[in-house]
$ cat protein_6.pdb   # PDB, C-alpha atoms
MODEL        1
ATOM      1  CA  MET A   4     173.240 218.194 268.823
ATOM      2  CA  ASN A   5     176.693 219.521 269.356
ATOM      3  CA  PRO A   6     177.228 222.906 270.982
ATOM      4  CA  LEU A   7     180.753 223.243 269.576
ATOM      5  CA  PRO A   8     180.616 221.994 265.979
ATOM      6  CA  SER A   9     183.909 223.570 264.961
ATOM      7  CA  LEU A  10     185.808 221.718 267.683
ATOM      8  CA  ARG A  11     184.398 218.395 266.602
ATOM      9  CA  ALA A  12     185.324 219.038 263.011
ATOM     10  CA  LYS A  13     188.913 219.783 263.985
ATOM     11  CA  ARG A  14     189.219 216.655 266.062
ATOM     12  CA  SER A  15     188.135 214.418 263.215
ATOM     13  CA  ASN A  16     191.697 213.532 262.182
ATOM     14  CA  PRO A  17     192.501 210.780 264.663
ATOM     15  CA  GLU A  18     196.247 210.782 264.116
ATOM     16  CA  GLY A  19     196.662 214.448 264.828
ATOM     17  CA  PRO A  20     199.124 217.024 263.544
ATOM     18  CA  ARG A  21     202.091 214.641 263.271
ATOM     19  CA  ARG A  22     200.539 212.663 260.458
ATOM     20  CA  GLN A  23     199.400 215.853 258.765
ATOM     21  CA  ALA A  24     202.971 217.176 258.813
ATOM     22  CA  GLY A  25     204.151 213.904 257.274
ATOM     23  CA  LEU A  26     201.594 214.189 254.507
ATOM     24  CA  LEU A  27     202.619 217.752 253.776
ATOM     25  CA  ARG A  28     206.298 216.778 253.565
ATOM     26  CA  ARG A  29     205.503 213.952 251.180
ATOM     27  CA  PHE A  30     203.544 216.290 248.924
ATOM     28  CA  ALA A  31     206.006 219.156 249.215
ATOM     29  CA  PRO A  32     207.741 218.653 245.841
ATOM     30  CA  ARG A  33     204.379 218.622 244.113
ATOM     31  CA  ASN A  34     203.266 222.165 244.630
ATOM     32  CA  ASP A  35     200.261 221.786 242.380
ATOM     33  CA  VAL A  36     198.820 218.975 244.506
ATOM     34  CA  LEU A  37     199.348 221.027 247.642
ATOM     35  CA  ALA A  38     197.728 224.042 246.043
ATOM     36  CA  VAL A  39     194.674 222.075 244.939
ATOM     37  CA  ALA A  40     194.371 220.350 248.319
ATOM     38  CA  SER A  41     194.641 223.571 250.266
ATOM     39  CA  ALA A  42     192.191 225.267 247.908
ATOM     40  CA  LEU A  43     189.702 222.475 248.569
ATOM     41  CA  PHE A  44     190.211 222.710 252.326
ATOM     42  CA  LEU A  45     189.812 226.466 252.295
ATOM     43  CA  ALA A  46     186.850 226.468 249.949
ATOM     44  CA  SER A  47     184.653 223.845 251.574
ATOM     45  CA  PRO A  48     183.214 225.997 254.405
ATOM     46  CA  ALA A  49     182.180 228.720 251.959
ATOM     47  CA  LEU A  50     180.117 226.198 250.013
ATOM     48  CA  ALA A  51     177.756 225.352 252.814
ATOM     49  CA  ASP A  52     177.645 228.129 255.350
ATOM     50  CA  SER A  53     176.787 231.791 255.526
ATOM     51  CA  LEU A  54     178.673 234.395 257.530
ATOM     52  CA  LEU A  55     175.782 235.046 259.899
ATOM     53  CA  PRO A  56     175.783 233.568 263.425
ATOM     54  CA  ALA A  57     173.783 230.420 264.165
ATOM     55  CA  ALA A  58     170.040 230.730 264.768
ATOM     56  CA  PRO A  59     169.148 231.618 268.403
ATOM     57  CA  TYR A  60     167.926 228.140 269.396
ATOM     58  CA  ALA A  61     170.106 226.060 267.091
ATOM     59  CA  ASP A  62     172.413 224.993 269.938
ATOM     60  CA  VAL A  63     170.618 226.454 272.969
ATOM     61  CA  GLN A  64     168.183 224.384 274.996
ATOM     62  CA  LEU A  65     164.745 225.622 275.954
ATOM     63  CA  PRO A  66     164.483 226.750 279.593
ATOM     64  CA  ASP A  67     161.563 224.384 280.246
ATOM     65  CA  PRO A  68     162.969 220.823 280.476
ATOM     66  CA  ARG A  69     159.664 219.240 279.476
ATOM     67  CA  GLN A  70     159.503 221.321 276.297
ATOM     68  CA  GLU A  71     163.182 220.673 275.558
ATOM     69  CA  ARG A  72     162.544 216.929 275.873
ATOM     70  CA  GLN A  73     159.672 217.183 273.373
ATOM     71  CA  ALA A  74     161.768 219.260 270.978
ATOM     72  CA  LYS A  75     164.744 216.878 271.220
ATOM     73  CA  ALA A  76     162.547 213.837 270.540
ATOM     74  CA  LEU A  77     161.119 215.527 267.450
ATOM     75  CA  MET A  78     164.544 216.697 266.219
ATOM     76  CA  GLU A  79     165.824 213.122 266.379
ATOM     77  CA  THR A  80     163.130 211.999 263.916
ATOM     78  CA  VAL A  81     163.432 214.849 261.407
ATOM     79  CA  ARG A  82     165.824 214.386 258.509
ATOM     80  CA  CYS A  83     168.509 216.949 257.749
ATOM     81  CA  LEU A  84     167.851 218.086 254.182
ATOM     82  CA  VAL A  85     171.508 218.912 253.525
ATOM     83  CA  CYS A  86     173.286 215.744 254.673
ATOM     84  CA  GLN A  87     170.177 213.600 254.089
ATOM     85  CA  GLY A  88     171.371 210.674 256.190
ATOM     86  CA  GLN A  89     171.352 212.346 259.594
ATOM     87  CA  SER A  90     168.658 213.764 261.814
ATOM     88  CA  ILE A  91     168.683 217.513 262.441
ATOM     89  CA  ALA A  92     169.632 216.691 266.047
ATOM     90  CA  ASP A  93     172.889 215.075 264.834
ATOM     91  CA  SER A  94     173.786 217.299 261.917
ATOM     92  CA  ASP A  95     176.233 220.190 262.014
ATOM     93  CA  ALA A  96     174.849 221.681 258.790
ATOM     94  CA  GLU A  97     173.772 225.280 259.115
ATOM     95  CA  MET A  98     170.315 224.505 257.779
ATOM     96  CA  ALA A  99     169.888 221.768 260.398
ATOM     97  CA  GLY A 100     170.647 224.412 263.035
ATOM     98  CA  ASP A 101     167.997 226.670 261.540
ATOM     99  CA  MET A 102     165.533 223.771 261.608
ATOM    100  CA  ARG A 103     166.372 222.992 265.266
ATOM    101  CA  SER A 104     165.741 226.617 266.125
ATOM    102  CA  LEU A 105     162.425 226.491 264.269
ATOM    103  CA  VAL A 106     161.391 223.343 266.156
ATOM    104  CA  ARG A 107     162.331 224.769 269.571
ATOM    105  CA  GLU A 108     160.691 228.140 268.940
ATOM    106  CA  ARG A 109     157.453 226.502 267.788
ATOM    107  CA  ILE A 110     157.397 224.125 270.777
ATOM    108  CA  ALA A 111     157.988 227.107 273.079
ATOM    109  CA  ALA A 112     155.095 228.906 271.356
ATOM    110  CA  GLY A 113     152.819 226.013 272.310
ATOM    111  CA  GLU A 114     152.697 223.868 269.163
ATOM    112  CA  THR A 115     152.699 220.100 269.556
ATOM    113  CA  PRO A 116     155.537 218.057 267.998
ATOM    114  CA  GLU A 117     153.056 216.373 265.638
ATOM    115  CA  GLN A 118     151.815 219.761 264.388
ATOM    116  CA  ILE A 119     155.390 220.753 263.592
ATOM    117  CA  ARG A 120     156.045 217.421 261.904
ATOM    118  CA  ALA A 121     152.917 217.883 259.768
ATOM    119  CA  TRP A 122     154.093 221.400 258.835
ATOM    120  CA  LEU A 123     157.455 220.009 257.706
ATOM    121  CA  VAL A 124     155.901 217.076 255.821
ATOM    122  CA  ALA A 125     153.563 219.467 253.964
ATOM    123  CA  ARG A 126     156.644 221.340 252.720
ATOM    124  CA  TYR A 127     159.302 218.687 252.247
ATOM    125  CA  GLY A 128     157.269 215.510 251.802
ATOM    126  CA  ASP A 129     157.195 212.306 253.876
ATOM    127  CA  TRP A 130     160.903 211.934 253.321
ATOM    128  CA  VAL A 131     161.659 214.601 255.921
ATOM    129  CA  THR A 132     160.361 212.456 258.772
ATOM    130  CA  TYR A 133     162.071 209.294 259.960
ATOM    131  CA  GLN A 134     158.788 208.135 261.502
ATOM    132  CA  PRO A 135     156.722 206.516 258.745
ATOM    133  CA  THR A 136     153.063 207.477 258.783
ATOM    134  CA  LEU A 137     150.233 204.984 258.136
ATOM    135  CA  GLN A 138     148.828 205.582 254.650
ATOM    136  CA  PRO A 139     148.012 203.507 251.532
ATOM    137  CA  LEU A 140     151.617 203.625 250.315
ATOM    138  CA  THR A 141     153.132 202.512 253.606
ATOM    139  CA  TRP A 142     150.640 199.989 254.893
ATOM    140  CA  PRO A 143     152.672 196.999 253.548
ATOM    141  CA  LEU A 144     155.502 198.262 255.736
ATOM    142  CA  TRP A 145     153.322 197.910 258.806
ATOM    143  CA  ALA A 146     151.527 194.727 257.700
ATOM    144  CA  ALA A 147     154.640 192.827 256.538
ATOM    145  CA  PRO A 148     155.922 191.840 260.030
ATOM    146  CA  ILE A 149     152.484 190.554 261.045
ATOM    147  CA  LEU A 150     152.065 188.629 257.774
ATOM    148  CA  LEU A 151     155.561 187.115 258.068
ATOM    149  CA  LEU A 152     154.862 186.077 261.660
ATOM    150  CA  LEU A 153     151.593 184.430 260.621
ATOM    151  CA  ALA A 154     153.343 182.632 257.749
ATOM    152  CA  GLY A 155     156.009 181.414 260.188
ATOM    153  CA  LEU A 156     153.409 180.088 262.605
ATOM    154  CA  TRP A 157     151.629 178.314 259.776
ATOM    155  CA  LEU A 158     154.892 176.702 258.621
ATOM    156  CA  ALA A 159     155.804 175.642 262.153
ATOM    157  CA  ARG A 160     152.377 174.162 262.671
ATOM    158  CA  GLY A 161     152.765 172.065 259.529
ATOM    159  CA  ARG A 162     156.175 170.790 260.640
ATOM    160  CA  PHE A 163     155.008 169.856 264.162
ATOM    161  CA  ARG A 164     152.076 167.947 262.723
ATOM    162  CA  ARG A 165     154.238 165.988 260.359
ATOM    163  CA  ARG A 166     156.705 165.107 263.132
ATOM    164  CA  ARG A 167     153.933 163.851 265.417
ATOM    165  CA  ARG A 168     152.584 161.662 262.643
ATOM    166  CA  GLY A 169     156.025 160.315 261.723
TER     167      GLY A 169
ATOM    168  CA  MET B  21     152.619 171.515 241.920
ATOM    169  CA  LYS B  22     155.132 170.568 244.622
ATOM    170  CA  ARG B  23     158.005 170.942 242.117
ATOM    171  CA  LEU B  24     156.860 174.455 241.348
ATOM    172  CA  VAL B  25     156.712 175.389 245.031
ATOM    173  CA  LEU B  26     160.370 174.414 245.381
ATOM    174  CA  TRP B  27     161.302 177.215 242.996
ATOM    175  CA  VAL B  28     159.441 179.894 244.949
ATOM    176  CA  PRO B  29     162.322 180.857 247.300
ATOM    177  CA  LEU B  30     164.768 181.177 244.386
ATOM    178  CA  ALA B  31     162.254 183.249 242.417
ATOM    179  CA  ALA B  32     161.693 185.477 245.443
ATOM    180  CA  PHE B  33     165.455 185.941 245.807
ATOM    181  CA  ALA B  34     165.771 186.808 242.097
ATOM    182  CA  VAL B  35     163.058 189.445 242.466
ATOM    183  CA  PHE B  36     164.884 190.825 245.511
ATOM    184  CA  LEU B  37     168.171 190.972 243.563
ATOM    185  CA  ALA B  38     166.464 192.720 240.657
ATOM    186  CA  VAL B  39     164.975 195.359 242.955
ATOM    187  CA  VAL B  40     168.357 195.995 244.603
ATOM    188  CA  ALA B  41     170.141 196.161 241.236
ATOM    189  CA  ILE B  42     167.634 198.656 239.843
ATOM    190  CA  GLY B  43     168.004 200.753 242.981
ATOM    191  CA  LEU B  44     171.801 200.644 242.727
ATOM    192  CA  TYR B  45     172.079 201.512 239.056
ATOM    193  CA  ALA B  46     169.294 204.088 238.797
ATOM    194  CA  PRO B  47     170.747 207.597 238.883
ATOM    195  CA  SER B  48     170.253 208.942 242.388
ATOM    196  CA  ASP B  49     168.012 211.962 242.736
ATOM    197  CA  ARG B  50     168.780 213.749 245.966
ATOM    198  CA  ALA B  51     166.634 216.784 245.227
ATOM    199  CA  VAL B  52     163.953 217.476 247.832
ATOM    200  CA  ARG B  53     160.901 218.867 246.023
ATOM    201  CA  SER B  54     158.589 221.336 247.644
ATOM    202  CA  GLY B  55     155.196 219.954 248.614
ATOM    203  CA  LEU B  56     153.609 223.329 247.866
ATOM    204  CA  ILE B  57     153.626 223.151 244.056
ATOM    205  CA  GLY B  58     150.081 223.859 242.879
ATOM    206  CA  ARG B  59     149.259 225.525 246.197
ATOM    207  CA  PRO B  60     149.110 229.203 247.191
ATOM    208  CA  VAL B  61     152.338 230.797 248.324
ATOM    209  CA  PRO B  62     152.417 231.068 252.170
ATOM    210  CA  ASP B  63     152.159 234.502 253.769
ATOM    211  CA  PHE B  64     155.434 236.268 254.423
ATOM    212  CA  ASP B  65     156.837 239.762 254.628
ATOM    213  CA  LEU B  66     160.562 240.183 254.077
ATOM    214  CA  ALA B  67     162.428 243.423 254.741
ATOM    215  CA  PRO B  68     164.694 244.748 251.961
ATOM    216  CA  GLY B  69     167.974 242.848 251.702
ATOM    217  CA  MET B  70     169.897 246.012 250.912
ATOM    218  CA  PRO B  71     169.186 249.741 250.930
ATOM    219  CA  GLY B  72     167.469 251.220 247.867
ATOM    220  CA  ARG B  73     165.755 247.984 246.870
ATOM    221  CA  PRO B  74     162.215 246.893 247.769
ATOM    222  CA  GLY B  75     161.776 243.869 250.005
ATOM    223  CA  LEU B  76     159.457 240.999 249.114
ATOM    224  CA  THR B  77     156.013 240.137 250.467
ATOM    225  CA  SER B  78     153.613 237.348 249.553
ATOM    226  CA  ALA B  79     151.033 240.066 248.760
ATOM    227  CA  ALA B  80     153.330 241.412 246.029
ATOM    228  CA  LEU B  81     153.355 237.916 244.475
ATOM    229  CA  ARG B  82     149.546 238.004 244.103
ATOM    230  CA  ASP B  83     149.401 241.138 241.958
ATOM    231  CA  GLY B  84     147.959 239.403 238.885
ATOM    232  CA  ARG B  85     151.301 238.979 237.118
ATOM    233  CA  PRO B  86     153.551 235.916 237.104
ATOM    234  CA  HIS B  87     156.729 236.009 239.174
ATOM    235  CA  VAL B  88     160.064 234.259 239.097
ATOM    236  CA  VAL B  89     161.358 234.047 242.654
ATOM    237  CA  ASN B  90     165.023 233.161 243.000
ATOM    238  CA  ILE B  91     166.302 231.936 246.359
ATOM    239  CA  PHE B  92     170.000 232.752 246.508
ATOM    240  CA  ALA B  93     172.859 233.896 248.722
ATOM    241  CA  SER B  94     176.124 235.716 248.237
ATOM    242  CA  TRP B  95     177.926 232.830 250.026
ATOM    243  CA  CYS B  96     176.489 230.214 247.659
ATOM    244  CA  LEU B  97     178.841 229.114 244.901
ATOM    245  CA  PRO B  98     176.289 227.647 242.420
ATOM    246  CA  CYS B  99     174.475 231.006 242.614
ATOM    247  CA  ARG B 100     177.463 232.527 240.808
ATOM    248  CA  ILE B 101     177.105 229.924 238.072
ATOM    249  CA  GLU B 102     173.457 230.742 237.437
ATOM    250  CA  ALA B 103     173.934 234.533 237.558
ATOM    251  CA  PRO B 104     174.390 234.931 233.748
ATOM    252  CA  GLN B 105     171.193 232.954 233.134
ATOM    253  CA  LEU B 106     169.234 235.155 235.562
ATOM    254  CA  ASP B 107     170.621 238.208 233.777
ATOM    255  CA  ALA B 108     169.462 236.767 230.460
ATOM    256  CA  LEU B 109     165.958 236.193 231.864
ATOM    257  CA  ALA B 110     165.815 239.784 233.132
ATOM    258  CA  ARG B 111     166.942 241.058 229.717
ATOM    259  CA  ARG B 112     164.104 239.089 228.128
ATOM    260  CA  GLY B 113     161.673 241.074 230.253
ATOM    261  CA  ILE B 114     161.106 238.438 232.926
ATOM    262  CA  PRO B 115     161.478 240.231 236.254
ATOM    263  CA  ILE B 116     163.317 238.318 238.976
ATOM    264  CA  ASP B 117     162.378 238.659 242.639
ATOM    265  CA  GLY B 118     165.130 237.585 244.996
ATOM    266  CA  ILE B 119     165.085 236.015 248.429
ATOM    267  CA  ALA B 120     168.548 236.358 249.962
ATOM    268  CA  VAL B 121     169.132 233.607 252.507
ATOM    269  CA  ARG B 122     171.207 234.445 255.600
ATOM    270  CA  ASP B 123     172.916 237.359 253.944
ATOM    271  CA  ARG B 124     174.324 240.778 254.881
ATOM    272  CA  PRO B 125     173.763 243.970 252.846
ATOM    273  CA  GLN B 126     177.480 244.556 252.261
ATOM    274  CA  ASP B 127     178.029 240.969 251.027
ATOM    275  CA  LEU B 128     174.957 241.224 248.795
ATOM    276  CA  ALA B 129     176.198 244.481 247.275
ATOM    277  CA  ARG B 130     179.586 242.929 246.517
ATOM    278  CA  PHE B 131     177.953 239.801 245.041
ATOM    279  CA  LEU B 132     175.628 241.819 242.780
ATOM    280  CA  ALA B 133     178.465 244.118 241.668
ATOM    281  CA  THR B 134     180.597 241.109 240.715
ATOM    282  CA  TYR B 135     178.100 238.695 239.186
ATOM    283  CA  GLY B 136     175.334 240.958 237.878
ATOM    284  CA  ASP B 137     172.112 242.276 239.329
ATOM    285  CA  PRO B 138     168.889 241.028 237.690
ATOM    286  CA  PHE B 139     166.740 241.528 240.806
ATOM    287  CA  ARG B 140     163.684 243.803 240.937
ATOM    288  CA  ALA B 141     163.222 243.164 244.653
ATOM    289  CA  ILE B 142     165.349 241.420 247.278
ATOM    290  CA  GLY B 143     163.868 240.169 250.540
ATOM    291  CA  ALA B 144     166.234 239.392 253.410
ATOM    292  CA  ASP B 145     165.497 235.920 254.755
ATOM    293  CA  THR B 146     167.956 236.248 257.614
ATOM    294  CA  ASP B 147     166.687 233.288 259.654
ATOM    295  CA  ARG B 148     165.768 231.075 256.656
ATOM    296  CA  ARG B 149     162.130 231.011 257.756
ATOM    297  CA  VAL B 150     160.675 231.976 254.380
ATOM    298  CA  GLN B 151     162.887 229.466 252.588
ATOM    299  CA  MET B 152     161.501 226.753 254.866
ATOM    300  CA  GLU B 153     157.984 228.181 254.548
ATOM    301  CA  LEU B 154     158.254 227.650 250.759
ATOM    302  CA  GLY B 155     159.563 224.104 251.110
ATOM    303  CA  SER B 156     162.956 224.965 249.673
ATOM    304  CA  ALA B 157     165.820 222.786 250.889
ATOM    305  CA  GLY B 158     168.829 224.721 249.642
ATOM    306  CA  VAL B 159     170.287 227.512 247.516
ATOM    307  CA  PRO B 160     169.898 228.232 244.694
ATOM    308  CA  GLU B 161     166.300 227.371 243.959
ATOM    309  CA  THR B 162     163.838 229.135 241.676
ATOM    310  CA  PHE B 163     160.055 229.204 241.945
ATOM    311  CA  VAL B 164     157.619 230.323 239.255
ATOM    312  CA  ILE B 165     154.444 231.758 240.810
ATOM    313  CA  ASP B 166     151.345 232.716 238.831
ATOM    314  CA  GLY B 167     149.324 235.935 239.162
ATOM    315  CA  GLN B 168     147.002 234.431 241.779
ATOM    316  CA  GLY B 169     150.004 233.608 243.935
ATOM    317  CA  VAL B 170     149.919 229.856 243.228
ATOM    318  CA  ILE B 171     153.321 228.135 243.042
ATOM    319  CA  ARG B 172     153.539 226.550 239.582
ATOM    320  CA  HIS B 173     157.114 225.388 239.181
ATOM    321  CA  GLN B 174     160.238 224.727 241.215
ATOM    322  CA  HIS B 175     163.747 224.524 239.822
ATOM    323  CA  ILE B 176     166.306 223.001 242.179
ATOM    324  CA  GLY B 177     169.968 223.970 241.820
ATOM    325  CA  ALA B 178     171.675 226.417 239.506
ATOM    326  CA  ILE B 179     169.850 227.391 236.299
ATOM    327  CA  THR B 180     172.112 226.374 233.439
ATOM    328  CA  GLU B 181     171.887 227.287 229.769
ATOM    329  CA  ALA B 182     169.975 224.025 229.227
ATOM    330  CA  ASP B 183     167.344 224.919 231.848
ATOM    331  CA  MET B 184     166.428 228.275 230.308
ATOM    332  CA  ALA B 185     163.672 226.918 228.039
ATOM    333  CA  GLU B 186     162.019 225.167 230.986
ATOM    334  CA  ILE B 187     162.003 228.351 233.125
ATOM    335  CA  VAL B 188     160.700 230.522 230.272
ATOM    336  CA  ALA B 189     157.986 227.964 229.465
ATOM    337  CA  ALA B 190     156.900 227.817 233.107
ATOM    338  CA  TRP B 191     156.757 231.606 233.217
ATOM    339  CA  GLU B 192     154.747 231.785 229.977
ATOM    340  CA  ALA B 193     152.352 229.126 231.303
ATOM    341  CA  ALA B 194     151.862 231.115 234.520
ATOM    342  CA  ARG B 195     150.751 234.249 232.676
TER     343      ARG B 195
ENDMDL
END
$ encode --input "protein_6.pdb" --output "structure tokens"
Amino acid sequence: MNPLPSLRAKRSNPEGPRRQAGLLRRFAPRNDVLAVASALFLASPALADSLLPAAPYADVQLPDPRQERQAKALMETVRCLVCQGQSIADSDAEMAGDMRSLVRERIAAGETPEQIRAWLVARYGDWVTYQPTLQPLTWPLWAAPILLLLAGLWLARGRFRRRRRG
Amino acid sequence: MKRLVLWVPLAAFAVFLAVVAIGLYAPSDRAVRSGLIGRPVPDFDLAPGMPGRPGLTSAALRDGRPHVVNIFASWCLPCRIEAPQLDALARRGIPIDGIAVRDRPQDLARFLATYGDPFRAIGADTDRRVQMELGSAGVPETFVIDGQGVIRHQHIGAITEADMAEIVAAWEAAR
């Protein structure tokens, strides 16, 4: 979770304004390229974000540290539905902020993290949680490490036996 | 028998490669479907998104008639693309109920004046709670809800000309 998302976005160009100026100079004769590039840069925020301020608890911690810890742990295992590869704790997407606020407000209202997770899974499917649940579809996921370990032990046992005999 | 066993690792690797290749070449579907299709619409009560227009409540969606609920926003670019299709649906006599996500009345008014106004009602989902309540992951999305208030169909993304038949069929089926 980042309290100042806009600052982080601006810092993302590691080489700073000097390199940007160089790029602009190189493109200067090609006005069309510059126009398209600037249009893309100007247009991208409008695609994803509204003009309203962030949700009240998107970037504000809960006053109770124990509750905030619970909320943070849950936010780190809930997928952002916009970026899809980040948790809502990591994402700067506006919807992730709204989801963080939802999580914090529900924790503050006395819900348990697992209740909130179940609420999200009922709406967005298992995909929304990074913590796989145990069910018929996922049991191979849980059983595979144990089965592989057993297979390894069995193989090792065979090899040791053969070596002793030889 | 022993000969055959020697081929097992290679066969396993081939299966692994095949699975990866299928995963790589299959078209990726990043749409997040709502888990509430076939289930009753959750309770909500949204204030009007702009003056002179009714808001939207879940009770209004259980009035015995089918509903097309469009989740949109004035700041959403694909919503401009689907505006003509929504207008066409409204002209066909299919009323559209809107849920405006994180929007302001003045922006809504400008959006509707520019891109057309097919909406019978517009609820203001200022904090995105109703969008999340419905299991919608973005704008625009369109839900078809039957007269008992059961969600029957979800369309993710802008409605294009090619999607019209699907929306109309879902609405007819919900009658």
$ closest_atom_pairs --input "protein_6.pdb" --of "chain A" --to "chain B" --cutoff "8 Å" --atoms "only C-alpha atoms" --output "tab-separated table"
residue	atom	partner	partner_atom	distance
A:Ala49	CA	B:Trp95	CA	6.2
A:Leu50	CA	B:Cys96	CA	5.9
A:Ala51	CA	B:Cys96	CA	7.2
A:Asp52	CA	B:Trp95	CA	7.1
A:Ser53	CA	B:Trp95	CA	5.7
A:Leu54	CA	B:Asp123	CA	7.4
A:Leu55	CA	B:Arg122	CA	6.3
A:Ala58	CA	B:Asp147	CA	6.6
A:Leu84	CA	B:Ala157	CA	6.1
A:Val85	CA	B:Ala157	CA	7.4
A:Asp101	CA	B:Arg148	CA	6.9
A:Leu105	CA	B:Arg149	CA	7.9
A:Val124	CA	B:Gly55	CA	7.8
A:Ala125	CA	B:Gly55	CA	5.6
A:Arg126	CA	B:Gly155	CA	4.3
A:Tyr127	CA	B:Ser54	CA	5.4
A:Gly128	CA	B:Gly55	CA	5.8
$ residues_around --input "protein_6.pdb" --residues "segment 73-83 of chain A" --least-positions-apart "4" --cutoff "8 Å" --atoms "all atoms listed in the file" --output "list in words"
Arg69, Gln87, Gly88, Gln89, Ser90, Ile91, Ala92, Asp93, Ser94, Ala96, Met98, Ala99, Arg103, Val106, Arg107, Ile110, Pro116, Arg120, Trp130, Val131, Thr132, Tyr133 and Gln134 of chain A
$ closest_residue --input "protein_6.pdb" --among "A:Leu156, A:Leu140, A:Arg165, A:Gln64" --to "Ser104 of chain A" --atoms "all atoms listed in the file"
A:Gln64
$ atom_distance --input "protein_6.pdb" --atom1 "atom CA of Thr141 of chain A" --atom2 "atom CA of Tyr45 of chain B"
23.9 Å
$ atom_distance --input "protein_6.pdb" --atom1 "atom CA of Cys99 of chain B" --atom2 "atom CA of Glu108 of chain A"
29.9 Å
$ axis_aligned_box --input "protein_6.pdb" --around "segment 178-192 of chain B" --padding-each-side "3 Å" --output "JSON"
{"center_x": 163.4, "center_y": 227.9, "center_z": 233.8, "size_x": 23.4, "size_y": 13.8, "size_z": 17.5}
$ resolve_selection --input "protein_6.pdb" --expression "the PyMOL selection byres ((chain B and resi 171) around 12)" --output "PyMOL selection string"
chain B and resi 54-62+78+81-82+86-89+154-155+162-170+172-175+190-191+193-194
$ closest_residue --input "protein_6.pdb" --among "B:Ile91, B:Ile101, B:Leu128, B:Val188" --to "Ile176 of chain B" --atoms "only C-alpha atoms"
B:Ile91
$ atom_distance --input "protein_6.pdb" --atom1 "atom CA of Leu66 of chain B" --atom2 "atom CA of Phe92 of chain B"
14.2 Å
$ resolve_selection --input "protein_6.pdb" --expression "the PyMOL selection byres ((chain B and resi 178) around 6)" --output "number ranges by chain"
B: 98, 102, 160, 177, 179
$ closest_residue --input "protein_6.pdb" --among "B:Pro125, B:Leu132, B:Ser48, B:Leu106" --to "Ala144 of chain B" --atoms "all atoms listed in the file"
B:Pro125
$ resolve_selection --input "protein_6.pdb" --expression "the PyMOL selection byres ((chain B and resi 119) around 6)" --output "count of residues only"
5
$ closest_residue --input "protein_6.pdb" --among "B:Ile114, B:Arg130, B:Phe139, B:Asn90" --to "Glu161 of chain B" --atoms "only C-alpha atoms"
B:Asn90
$ closest_residue --input "protein_6.pdb" --among "B:Ala108, B:Val39, B:Asp145, B:Ala133" --to "Thr77 of chain B" --atoms "only C-alpha atoms"
B:Asp145
